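Okay, input.csv is below, CSV, C-alpha atoms and all ligand atoms:
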chain,number,residue,atom,x,y,z
A,281,MET,CA,65.4,-39.8,63.4
A,282,THR,CA,67.5,-40.5,60.4
A,283,LYS,CA,69.5,-43.8,60.6
A,284,ILE,CA,72.8,-44.4,58.9
A,285,LYS,CA,74.9,-47.6,59.0
A,286,VAL,CA,78.6,-47.4,58.5
A,287,PHE,CA,80.3,-50.7,57.5
A,288,ASP,CA,83.9,-51.8,57.3
A,289,VAL,CA,84.7,-49.6,60.3
A,290,ARG,CA,88.4,-49.6,61.2
A,291,GLU,CA,89.8,-48.8,64.6
A,292,ASP,CA,91.7,-45.8,63.2
A,293,GLU,CA,88.5,-44.3,61.9
A,294,LEU,CA,86.8,-44.4,65.3
A,295,PRO,CA,87.8,-41.0,66.7
A,296,ALA,CA,86.6,-39.2,63.5
A,297,LEU,CA,83.4,-41.3,63.4
A,298,GLU,CA,82.6,-40.6,67.0
A,299,GLN,CA,83.2,-36.8,66.4
A,300,TRP,CA,80.8,-36.9,63.4
A,301,LYS,CA,78.2,-38.8,65.4
A,302,ALA,CA,78.4,-36.4,68.3
A,303,ALA,CA,78.1,-33.4,65.9
A,304,HIS,CA,74.9,-34.9,64.4
A,305,GLN,CA,73.4,-36.7,67.4
A,306,VAL,CA,70.2,-34.6,67.4
A,307,GLU,CA,69.1,-35.7,63.9
A,308,VAL,CA,71.1,-38.8,63.1
A,309,GLU,CA,71.5,-42.2,64.7
A,310,VAL,CA,74.8,-43.7,63.4
A,311,GLU,CA,75.5,-47.4,63.8
A,312,LEU,CA,79.2,-48.5,63.4
A,313,ILE,CA,79.7,-52.0,62.1
A,314,GLU,CA,83.1,-53.7,61.7
A,315,SER,CA,81.9,-56.2,59.1
A,316,PRO,CA,81.6,-55.4,55.4
A,317,LEU,CA,78.1,-55.1,53.8
A,318,ASP,CA,77.5,-58.8,53.3
A,319,ILE,CA,74.3,-60.9,52.8
A,320,GLU,CA,73.7,-61.0,56.6
A,321,GLN,CA,74.0,-57.2,56.9
A,322,LEU,CA,71.9,-56.7,53.8
A,323,ALA,CA,69.0,-58.4,55.6
A,324,GLN,CA,69.1,-55.8,58.3
A,325,LEU,CA,68.6,-52.6,56.4
A,326,ALA,CA,64.8,-52.2,56.6
A,327,ASP,CA,64.9,-49.1,58.9
A,328,VAL,CA,68.1,-47.7,57.5
A,329,ASP,CA,68.2,-44.4,55.4
A,330,GLY,CA,71.8,-44.4,54.3
A,331,ILE,CA,75.0,-46.3,54.2
A,332,SER,CA,78.7,-45.8,54.0
A,333,ILE,CA,81.2,-48.6,53.2
A,334,SER,CA,84.9,-49.0,52.6
A,335,GLN,CA,84.9,-51.7,50.1
A,336,THR,CA,88.3,-53.0,49.0
A,337,THR,CA,87.2,-56.1,47.0
A,338,GLN,CA,84.7,-56.3,44.1
A,339,PHE,CA,81.2,-55.3,45.3
A,340,ASP,CA,78.6,-57.9,44.6
A,341,SER,CA,76.4,-56.6,41.8
A,342,ALA,CA,73.3,-58.5,43.1
A,343,PHE,CA,73.4,-56.2,46.1
A,344,TYR,CA,72.2,-53.1,44.3
A,345,LYS,CA,68.7,-54.5,43.9
A,346,VAL,CA,68.5,-55.4,47.5
A,347,LEU,CA,69.6,-51.9,48.5
A,348,ALA,CA,67.0,-50.3,46.2
A,349,ASP,CA,64.3,-52.7,47.6
A,350,ASN,CA,65.2,-51.2,51.0
A,351,GLY,CA,64.8,-47.7,49.6
A,352,ILE,CA,68.6,-47.1,49.7
A,353,TYR,CA,69.7,-45.5,46.4
A,354,HIS,CA,73.2,-44.3,47.5
A,355,ILE,CA,76.4,-45.9,48.6
A,356,ALA,CA,79.0,-43.6,50.1
A,357,GLN,CA,82.4,-45.3,49.6
A,358,ARG,CA,85.2,-44.1,51.9
A,359,SER,CA,88.0,-44.0,49.4
A,360,ALA,CA,89.0,-42.3,46.1
A,361,GLY,CA,89.0,-45.6,44.1
A,362,TYR,CA,85.7,-46.9,43.0
A,363,ASP,CA,86.6,-49.6,40.5
A,364,GLN,CA,85.2,-52.1,43.0
A,365,PHE,CA,81.8,-51.1,41.7
A,366,ASP,CA,80.0,-52.2,38.5
A,367,LEU,CA,78.5,-48.8,37.7
A,368,GLU,CA,76.3,-50.2,34.9
A,369,ALA,CA,74.8,-52.7,37.3
A,370,ALA,CA,74.3,-49.9,39.9
A,371,ASN,CA,72.7,-47.6,37.2
A,372,LEU,CA,70.2,-50.4,36.4
A,373,GLU,CA,68.8,-50.1,39.9
A,374,ASN,CA,69.4,-46.3,40.0
A,375,VAL,CA,71.8,-46.7,42.8
A,376,LYS,CA,74.4,-43.8,43.0
A,377,ILE,CA,77.9,-44.3,44.3
A,378,SER,CA,80.0,-41.5,45.8
A,379,ASN,CA,83.7,-41.5,46.6
A,380,VAL,CA,86.2,-39.1,48.2
A,381,PRO,CA,88.3,-37.9,45.2
A,382,SER,CA,90.7,-35.9,47.3
A,383,TYR,CA,91.1,-36.3,51.1
A,384,SER,CA,94.4,-34.6,51.7
A,385,PRO,CA,96.7,-33.9,48.8
A,386,GLN,CA,99.0,-32.0,51.1
A,387,SER,CA,99.6,-35.2,53.1
A,388,ILE,CA,100.9,-37.1,50.1
A,389,ALA,CA,102.9,-34.1,48.8
A,390,GLU,CA,104.6,-33.7,52.2
A,391,PHE,CA,105.4,-37.4,52.3
A,392,ALA,CA,107.0,-37.3,48.8
A,393,VAL,CA,109.2,-34.4,50.0
A,394,THR,CA,110.0,-36.1,53.3
A,395,ARG,CA,111.2,-39.2,51.4
A,396,THR,CA,113.3,-37.0,49.1
A,397,LEU,CA,115.0,-35.4,52.2
A,398,GLU,CA,115.6,-38.8,53.6
A,399,LEU,CA,117.3,-40.0,50.4
A,400,VAL,CA,119.3,-36.8,50.0
A,401,ARG,CA,120.5,-36.8,53.6
A,402,HIS,CA,121.0,-40.7,53.8
A,403,THR,CA,118.9,-40.9,57.0
A,404,ALA,CA,118.4,-44.7,56.5
A,405,GLN,CA,122.2,-45.2,56.3
A,406,ILE,CA,122.7,-42.9,59.4
A,407,ASP,CA,120.2,-45.1,61.3
A,408,ARG,CA,122.0,-48.3,60.1
A,409,ASN,CA,125.4,-46.9,61.2
A,410,MET,CA,124.0,-45.9,64.6
A,411,ALA,CA,122.6,-49.4,65.1
A,412,GLN,CA,126.2,-50.6,64.7
A,413,ASN,CA,127.7,-48.0,67.1
A,414,ASP,CA,129.5,-46.5,64.1
A,415,PHE,CA,129.7,-42.8,64.7
A,416,THR,CA,132.2,-42.0,62.0
A,417,TRP,CA,131.7,-39.4,59.3
A,418,ASN,CA,131.5,-41.8,56.4
A,419,LEU,CA,131.4,-40.5,52.9
A,420,ASN,CA,128.2,-42.5,52.6
A,421,LEU,CA,126.5,-40.0,54.9
A,422,GLN,CA,127.6,-36.9,53.1
A,423,GLY,CA,124.4,-35.4,51.7
A,424,ARG,CA,123.3,-32.5,49.5
A,425,THR,CA,121.0,-29.6,50.0
A,426,VAL,CA,117.5,-29.9,48.4
A,427,GLU,CA,118.0,-26.3,47.4
A,428,SER,CA,120.8,-27.3,45.1
A,429,LEU,CA,118.8,-30.0,43.3
A,430,LYS,CA,116.7,-29.9,40.2
A,431,ILE,CA,113.4,-31.4,41.0
A,432,GLY,CA,111.1,-33.0,38.4
A,433,VAL,CA,107.4,-33.4,39.1
A,434,LEU,CA,105.5,-35.7,36.8
A,435,GLY,CA,101.8,-34.8,37.0
A,436,THR,CA,101.0,-31.4,38.5
A,437,GLY,CA,97.4,-32.1,39.6
A,438,ARG,CA,96.1,-31.8,43.2
A,439,ILE,CA,99.1,-33.6,44.7
A,440,GLY,CA,101.9,-32.8,42.3
A,441,SER,CA,101.2,-29.1,42.4
A,442,ARG,CA,101.5,-29.1,46.1
A,443,ALA,CA,104.8,-31.1,46.0
A,444,ALA,CA,106.1,-28.5,43.5
A,445,LYS,CA,105.2,-25.6,45.8
A,446,ILE,CA,107.0,-27.2,48.7
A,447,PHE,CA,110.1,-27.9,46.7
A,448,LYS,CA,110.0,-24.3,45.4
A,449,GLY,CA,109.9,-23.2,49.1
A,450,PHE,CA,113.3,-25.0,49.5
A,451,GLY,CA,114.7,-22.8,46.8
A,452,SER,CA,115.0,-25.7,44.3
A,453,GLU,CA,114.5,-25.3,40.6
A,454,VAL,CA,111.3,-27.3,39.8
A,455,LEU,CA,110.7,-28.7,36.3
A,456,ALA,CA,107.4,-30.5,35.4
A,457,TYR,CA,105.7,-32.5,32.8
A,458,ASP,CA,101.9,-32.8,32.6
A,459,ILE,CA,99.8,-33.7,29.6
A,460,ALA,CA,97.6,-30.7,30.7
A,461,PRO,CA,99.9,-28.0,32.1
A,462,ASP,CA,98.4,-25.7,34.7
A,463,ALA,CA,98.9,-22.0,33.9
A,464,ARG,CA,98.4,-21.2,37.6
A,465,LEU,CA,101.8,-22.8,38.3
A,466,LYS,CA,103.8,-20.5,36.1
A,467,ASP,CA,105.7,-19.0,39.0
A,468,VAL,CA,106.3,-22.4,40.5
A,469,VAL,CA,107.4,-24.8,37.8
A,470,THR,CA,108.9,-24.8,34.4
A,471,TYR,CA,107.1,-27.2,32.1
A,472,VAL,CA,109.1,-29.3,29.7
A,473,ASP,CA,107.6,-31.1,26.7
A,474,SER,CA,107.9,-34.7,27.7
A,475,LEU,CA,108.7,-37.2,30.4
A,476,GLU,CA,111.8,-38.1,28.5
A,477,THR,CA,113.1,-34.5,28.7
A,478,LEU,CA,112.1,-34.3,32.3
A,479,ILE,CA,113.9,-37.4,33.5
A,480,SER,CA,117.0,-36.5,31.6
A,481,GLN,CA,117.4,-33.2,33.3
A,482,VAL,CA,116.4,-33.7,37.0
A,483,ASP,CA,118.1,-35.0,40.1
A,484,VAL,CA,114.9,-36.0,41.7
A,485,LEU,CA,111.7,-37.3,39.9
A,486,THR,CA,108.5,-37.4,41.9
A,487,LEU,CA,105.5,-39.2,40.4
A,488,HIS,CA,102.0,-37.8,40.8
A,489,VAL,CA,100.1,-39.2,37.8
A,490,PRO,CA,97.1,-41.5,38.0
A,491,GLY,CA,97.5,-45.3,37.7
A,492,SER,CA,95.5,-45.4,34.5
A,493,LYS,CA,95.8,-47.9,31.7
A,494,GLU,CA,97.7,-45.3,29.6
A,495,ASN,CA,100.1,-44.8,32.4
A,496,HIS,CA,101.0,-48.4,33.0
A,497,TYR,CA,104.8,-48.7,33.2
A,498,LEU,CA,105.3,-45.1,32.2
A,499,ILE,CA,108.6,-45.5,34.1
A,500,ASN,CA,110.1,-48.4,32.2
A,501,GLU,CA,113.6,-49.6,31.1
A,502,ALA,CA,113.8,-47.3,28.1
A,503,VAL,CA,112.8,-44.2,30.1
A,504,LEU,CA,115.1,-45.1,33.0
A,505,LYS,CA,118.0,-45.3,30.5
A,506,LEU,CA,117.4,-41.6,29.7
A,507,ALA,CA,117.6,-40.6,33.4
A,508,LYS,CA,120.4,-38.3,34.6
A,509,PRO,CA,122.9,-40.6,36.3
A,510,GLY,CA,122.3,-40.5,40.1
A,511,LEU,CA,118.5,-39.9,39.8
A,512,LEU,CA,116.4,-40.2,42.9
A,513,LEU,CA,112.9,-41.5,42.2
A,514,ILE,CA,109.8,-41.1,44.4
A,515,ASN,CA,106.6,-43.1,43.7
A,516,ALA,CA,103.7,-42.1,46.0
A,517,ALA,CA,101.3,-42.3,43.0
A,518,ARG,CA,100.4,-45.8,41.9
A,519,GLY,CA,102.5,-48.9,41.7
A,520,SER,CA,101.5,-49.7,38.2
A,521,VAL,CA,103.2,-46.5,36.9
A,522,VAL,CA,106.6,-48.1,37.5
A,523,ASP,CA,108.1,-51.3,36.1
A,524,THR,CA,109.7,-52.3,39.4
A,525,GLN,CA,112.0,-54.9,37.9
A,526,ALA,CA,113.4,-52.4,35.5
A,527,LEU,CA,113.8,-49.9,38.4
A,528,ILE,CA,115.7,-52.5,40.4
A,529,ARG,CA,118.1,-53.1,37.5
A,530,SER,CA,118.7,-49.3,37.2
A,531,LEU,CA,119.6,-49.3,40.9
A,532,GLU,CA,121.9,-52.3,40.5
A,533,ASP,CA,123.8,-50.7,37.7
A,534,GLY,CA,124.0,-47.4,39.7
A,535,HIS,CA,122.1,-45.3,37.1
A,536,VAL,CA,119.4,-44.6,39.6
A,537,ALA,CA,120.9,-43.8,43.0
A,538,GLY,CA,117.9,-44.2,45.3
A,539,VAL,CA,114.2,-44.7,45.3
A,540,ALA,CA,111.3,-44.3,47.7
A,541,ILE,CA,108.3,-46.5,47.0
A,542,ASP,CA,105.0,-46.0,48.8
A,543,THR,CA,102.9,-47.7,46.1
A,544,TYR,CA,104.1,-51.0,44.6
A,545,GLU,CA,102.6,-52.7,41.6
A,546,ASN,CA,101.8,-56.0,43.5
A,547,GLU,CA,101.0,-54.4,46.9
A,548,GLY,CA,97.5,-55.9,47.2
A,549,ALA,CA,98.3,-59.0,49.1
A,550,TYR,CA,100.8,-57.2,51.4
A,551,PHE,CA,100.2,-53.6,52.2
A,552,ARG,CA,98.0,-53.0,55.2
A,553,TYR,CA,98.6,-56.6,56.5
A,554,ASP,CA,101.0,-57.8,59.2
A,555,TRP,CA,103.0,-60.6,57.6
A,556,GLY,CA,104.9,-61.1,60.8
A,557,ASN,CA,107.4,-63.9,60.4
A,558,ARG,CA,105.6,-65.5,57.4
A,559,GLU,CA,107.8,-66.0,54.4
A,560,LEU,CA,107.0,-63.4,51.7
A,561,GLU,CA,106.2,-65.0,48.3
A,562,ASP,CA,106.9,-61.9,46.2
A,563,GLU,CA,110.5,-62.0,45.1
A,564,ILE,CA,110.4,-58.4,43.8
A,565,LEU,CA,109.0,-57.1,47.1
A,566,LYS,CA,111.8,-59.1,48.9
A,567,ALA,CA,114.4,-57.5,46.7
A,568,LEU,CA,113.0,-54.0,47.5
A,569,LEU,CA,112.9,-54.7,51.2
A,570,LYS,CA,116.5,-55.7,51.4
A,571,HIS,CA,117.9,-53.1,49.1
A,572,ASP,CA,120.0,-50.4,50.8
A,573,LYS,CA,119.0,-47.8,48.3
A,574,VAL,CA,115.3,-48.4,48.6
A,575,LEU,CA,112.9,-46.7,51.1
A,576,LEU,CA,109.7,-48.8,51.1
A,577,SER,CA,106.4,-47.8,52.8
A,578,PRO,CA,103.0,-49.5,52.7
A,579,HIS,CA,100.9,-46.9,50.8
A,580,VAL,CA,100.9,-44.5,53.8
A,581,ALA,CA,101.7,-41.2,52.1
A,582,PHE,CA,98.1,-40.1,52.6
A,583,TYR,CA,97.8,-41.4,56.1
A,584,THR,CA,97.4,-38.4,58.4
A,585,ASP,CA,94.8,-37.4,61.0
A,586,GLU,CA,93.5,-34.9,58.4
A,587,ALA,CA,93.1,-37.5,55.7
A,588,VAL,CA,91.4,-40.0,57.9
A,589,LYS,CA,89.0,-37.3,59.1
A,590,ASN,CA,88.2,-36.3,55.6
A,591,LEU,CA,87.7,-39.9,54.5
A,592,VAL,CA,85.1,-40.2,57.3
A,593,ASP,CA,83.4,-36.8,57.2
A,594,ILE,CA,83.0,-36.3,53.4
A,595,PRO,CA,81.1,-39.6,52.8
A,596,LEU,CA,78.9,-39.1,55.9
A,597,ASP,CA,78.1,-35.6,54.8
A,598,ASP,CA,77.3,-37.0,51.4
A,599,VAL,CA,75.0,-39.7,52.9
A,600,LEU,CA,73.1,-37.0,54.8
A,601,SER,CA,72.9,-34.7,51.7
A,602,PHE,CA,71.6,-37.6,49.6
A,603,ILE,CA,68.9,-38.5,52.1
A,604,HIS,CA,67.7,-34.9,52.2
A,605,THR,CA,68.1,-33.8,48.6
A,606,ARG,CA,68.8,-36.9,46.5
A,607,GLN,CA,72.1,-35.3,45.6
A,608,ALA,CA,75.6,-35.5,46.9
A,609,GLN,CA,79.0,-33.8,46.1
A,610,ASN,CA,80.9,-36.8,44.9
A,611,ILE,CA,78.6,-39.0,42.9
A,612,VAL,CA,80.6,-41.0,40.3
A,613,ASN,CA,77.6,-42.2,38.3
A,614,PRO,CA,75.3,-39.1,38.2
B,701,LIG,P1,95.1,-35.4,39.7
B,701,LIG,O1,94.1,-36.0,38.8
B,701,LIG,O2,94.7,-34.2,40.5
B,701,LIG,O3,96.4,-35.1,39.0
B,701,LIG,C1,97.0,-36.0,38.1
B,701,LIG,C2,97.8,-35.1,37.0
B,701,LIG,O4,98.5,-36.0,36.2
B,701,LIG,C3,96.8,-34.3,36.1
B,701,LIG,O5,97.2,-33.0,36.0
B,701,LIG,C4,97.0,-35.0,34.7
B,701,LIG,O6,96.9,-34.1,33.6
B,701,LIG,C5,98.4,-35.6,34.8
B,701,LIG,N1,98.7,-36.7,34.0
B,701,LIG,C6,98.0,-37.8,33.7
B,701,LIG,N2,98.6,-38.7,32.9
B,701,LIG,C7,99.8,-38.1,32.7
B,701,LIG,C8,100.9,-38.5,31.9
B,701,LIG,N3,101.0,-39.7,31.3
B,701,LIG,N4,102.0,-37.7,31.9
B,701,LIG,C9,102.0,-36.5,32.5
B,701,LIG,N5,100.9,-36.0,33.2
B,701,LIG,C10,99.9,-36.8,33.3
B,701,LIG,O7,95.5,-36.6,40.7
B,701,LIG,P2,96.0,-36.5,42.2
B,701,LIG,O8,94.9,-36.4,43.1
B,701,LIG,O9,97.1,-35.4,42.3
B,701,LIG,O10,96.7,-37.9,42.4
B,701,LIG,C11,98.0,-38.2,41.9
B,701,LIG,C12,98.4,-39.7,42.2
B,701,LIG,O11,98.4,-39.9,43.6
B,701,LIG,C13,97.3,-40.7,41.7
B,701,LIG,O12,98.0,-41.8,41.1
B,701,LIG,C14,96.7,-41.2,43.0
B,701,LIG,O13,96.2,-42.5,42.9
B,701,LIG,C15,97.8,-41.1,43.9
B,701,LIG,N6,97.5,-41.1,45.4
B,701,LIG,C16,98.4,-41.7,46.2
B,701,LIG,C17,98.1,-41.8,47.6
B,701,LIG,C18,99.1,-42.4,48.6
B,701,LIG,O14,98.7,-42.5,49.7
B,701,LIG,N7,100.2,-42.9,48.1
B,701,LIG,C19,96.9,-41.3,48.1
B,701,LIG,C20,96.0,-40.6,47.2
B,701,LIG,C21,96.3,-40.6,45.8

Would you mind writing the file out in structure tokens?
Ligand code: NAD
Amino acid sequence: MTKIKVFDVREDELPALEQWKAAHQVEVEVELIESPLDIEQLAQLADVDGISISQTTQFDSAFYKVLADNGIYHIAQRSAGYDQFDLEAANLENVKISNVPSYSPQSIAEFAVTRTLELVRHTAQIDRNMAQNDFTWNLNLQGRTVESLKIGVLGTGRIGSRAAKIFKGFGSEVLAYDIAPDARLKDVVTYVDSLETLISQVDVLTLHVPGSKENHYLINEAVLKLAKPGLLLINAARGSVVDTQALIRSLEDGHVAGVAIDTYENEGAYFRYDWGNRELEDEILKALLKHDKVLLSPHVAFYTDEAVKNLVDIPLDDVLSFIHTRQAQNIVNP
């Protein structure tokens, strides 16, 4: 019987994990462990054939040798990001890391569109008015149709292309900028030649570029000054793509009319944790939270049943594949 240990197990992963276990019960014994793969757990791998983890902090480079000594040459990480791993150190021990590069692009695209609709139809303001028993037809509730808006998509990869298609379905005109335009989208988007052109022409700009070093603060003060007045900005990409303080200034001076932020540049200490009544230390986050024109969410654009199932199934399938063939679909250090 093949034995797999799954570490960092979260409650929300349990249904998908139990399903995978049941589907493979004849050949695989799966042990689910809440704790991370730490020194104590490392000492208990002698009879284990494969592991999956969901590491969020730096992975200890000394662990690769211990894994190799136990005959484990593959770590299946249950996320897209893998900068927690020192690939050079892993390579020295011939340990392969796999990730889940894409778990549900549709989920993120749909969330970006949802937030656009909320901004366009002022649903947060409607909710605030209802909470005050204010049933009047205030001008601040008067919306627009998405169909009438020009949408800008920055980055037309897996997620951006899907967002573009959904907006196209509303009947909107969709413009896009990508450093590598996709010819397959010729009936969906009209590519423009720069971010500057894009932001100056659209009513809504939705960001779907990676949070790479090159893309740090792509949306900055100078770029925001070029925006068409009244711009709505959606960031479900990476926090580092936006200079949040510059964005708040654009909201204050009315140049930008509304924003939806699912990824925030300093989210690490906050998103996914319940801060309850504790005082937040981040002044920028506090400003976002109390701003009427900001919709904030804690990096949940991806968070659907489908995405969680893929985040569980794909790594476990990779573990099994690696055990049998020494190969897996998503190895990041082949
Ligand atoms: P992808 O690699 O499929 O597509 C990214 C696209 O951006 C590519 O077409 C690339 O050519 C383009 N690009 C890169 N830099 C650019 C630039 N400076 N200007 C214009 N275009 C540029 O990526 P993806 O899977 O679609 O992911 C997009 C973003 O969504 C990433 O930042 C990812 O981290 C983020 N994401 C967010 C969530 C969430 O829950 N909020 C979940 C998963 C992914």

- Item | Contacts with ligand LIG 701 (chain B) at most 8 Å, only C-alpha atoms and all ligand atoms counted, listed as number ranges by chain | A: 360-361, 381-385, 388, 434-441, 457-462, 474-475, 487-492, 494-495, 498, 515-518, 542-543, 579-583

- Counting only C-alpha atoms, the residue of A:Ile333, A:Val433, A:Leu317, A:Leu325 that sits nearest A:Val592: A:Ile333

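The list of residues with at least one atom within 6 Å of A:Leu511, based on only C-alpha atoms and without residues fewer than 3 positions apart in the same chain, reads Asp483, Val484, Lys508, Val536 and Ala537 of chain A.
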
- Query: For A:Val289, which of A:Ala302, A:Val588, A:Ala456, A:Ile319 is the closest residue, counting all atoms listed in the file?
  - Reply: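 For A:Val289, the nearest of the candidates is A:Val588.
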
Give me the residues near A:Thr396 as an mmCIF file with C-alpha atoms, in the frame of the given file, where near means some atom within 8 Å (using all atoms listed in the file) and where sequence neighbours in that chain fewer than 5 positions away do not count.
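Okay, this is what ended up in result_12.cif:
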data_model
loop_
_atom_site.group_PDB
_atom_site.id
_atom_site.type_symbol
_atom_site.label_atom_id
_atom_site.label_comp_id
_atom_site.auth_asym_id
_atom_site.auth_seq_id
_atom_site.Cartn_x
_atom_site.Cartn_y
_atom_site.Cartn_z
ATOM 1 C CA VAL A 484 114.900 -36.000 41.700
ATOM 2 C CA LEU A 512 116.400 -40.200 42.900
ATOM 3 C CA ILE A 514 109.800 -41.100 44.400
ATOM 4 C CA ALA A 540 111.300 -44.300 47.700
#

- Message: Would you compute the distance between atom CA of A:Phe365 and atom CA of A:Ser341? Give it in Å to one decimal.
- Response: 7.7 Å

Step by step: start from the point (77.5, -46.8, 49.3) in the file's coordinates, keep every protein, DNA or RNA residue that has an atom no farther than 9 Å from it, count only C-alpha atoms, and write the set as a compact mmCIF listing (two decimals) with C-alpha atoms, in the frame of the given file.
# COMPACT_ATOMS: atom_id res chain seq x y z
CA GLY A 330 71.80 -44.40 54.30
CA ILE A 331 75.00 -46.30 54.20
CA SER A 332 78.70 -45.80 54.00
CA ILE A 333 81.20 -48.60 53.20
CA SER A 334 84.90 -49.00 52.60
CA GLN A 335 84.90 -51.70 50.10
CA ILE A 352 68.60 -47.10 49.70
CA TYR A 353 69.70 -45.50 46.40
CA HIS A 354 73.20 -44.30 47.50
CA ILE A 355 76.40 -45.90 48.60
CA ALA A 356 79.00 -43.60 50.10
CA GLN A 357 82.40 -45.30 49.60
CA ARG A 358 85.20 -44.10 51.90
CA VAL A 375 71.80 -46.70 42.80
CA LYS A 376 74.40 -43.80 43.00
CA ILE A 377 77.90 -44.30 44.30
CA SER A 378 80.00 -41.50 45.80
CA ASN A 379 83.70 -41.50 46.60
CA PRO A 595 81.10 -39.60 52.80
CA VAL A 599 75.00 -39.70 52.90

- Between A:Val286, A:Ala370, A:Leu575, A:Ala342, which one has atoms that come closest to A:Pro316, using all atoms listed in the file? A:Val286

I'd like the contact shell of A:Leu560 - 12 Å cut-off, all atoms listed in the file, skipping same-chain residues fewer than 5 positions apart - returned as a compact mmCIF listing (two decimals) with C-alpha atoms, in the coordinates of the input.
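Contents of result26.txt, freshly written:
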# COMPACT_ATOMS: atom_id res chain seq x y z
CA GLU A 547 101.00 -54.40 46.90
CA ALA A 549 98.30 -59.00 49.10
CA TYR A 550 100.80 -57.20 51.40
CA PHE A 551 100.20 -53.60 52.20
CA TYR A 553 98.60 -56.60 56.50
CA ASP A 554 101.00 -57.80 59.20
CA TRP A 555 103.00 -60.60 57.60
CA LEU A 565 109.00 -57.10 47.10
CA LYS A 566 111.80 -59.10 48.90
CA ALA A 567 114.40 -57.50 46.70
CA LEU A 568 113.00 -54.00 47.50
CA LEU A 569 112.90 -54.70 51.20

- Query: Which one is closest to A:Ser452: A:Ile406, A:Val393, A:Leu297, A:Val574? Count only C-alpha atoms.
  - Reply: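 Nearest to A:Ser452: A:Val393.
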
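Interatomic distance, atom CA of A:Val472 against atom CA of A:Leu455: 6.8 Å.
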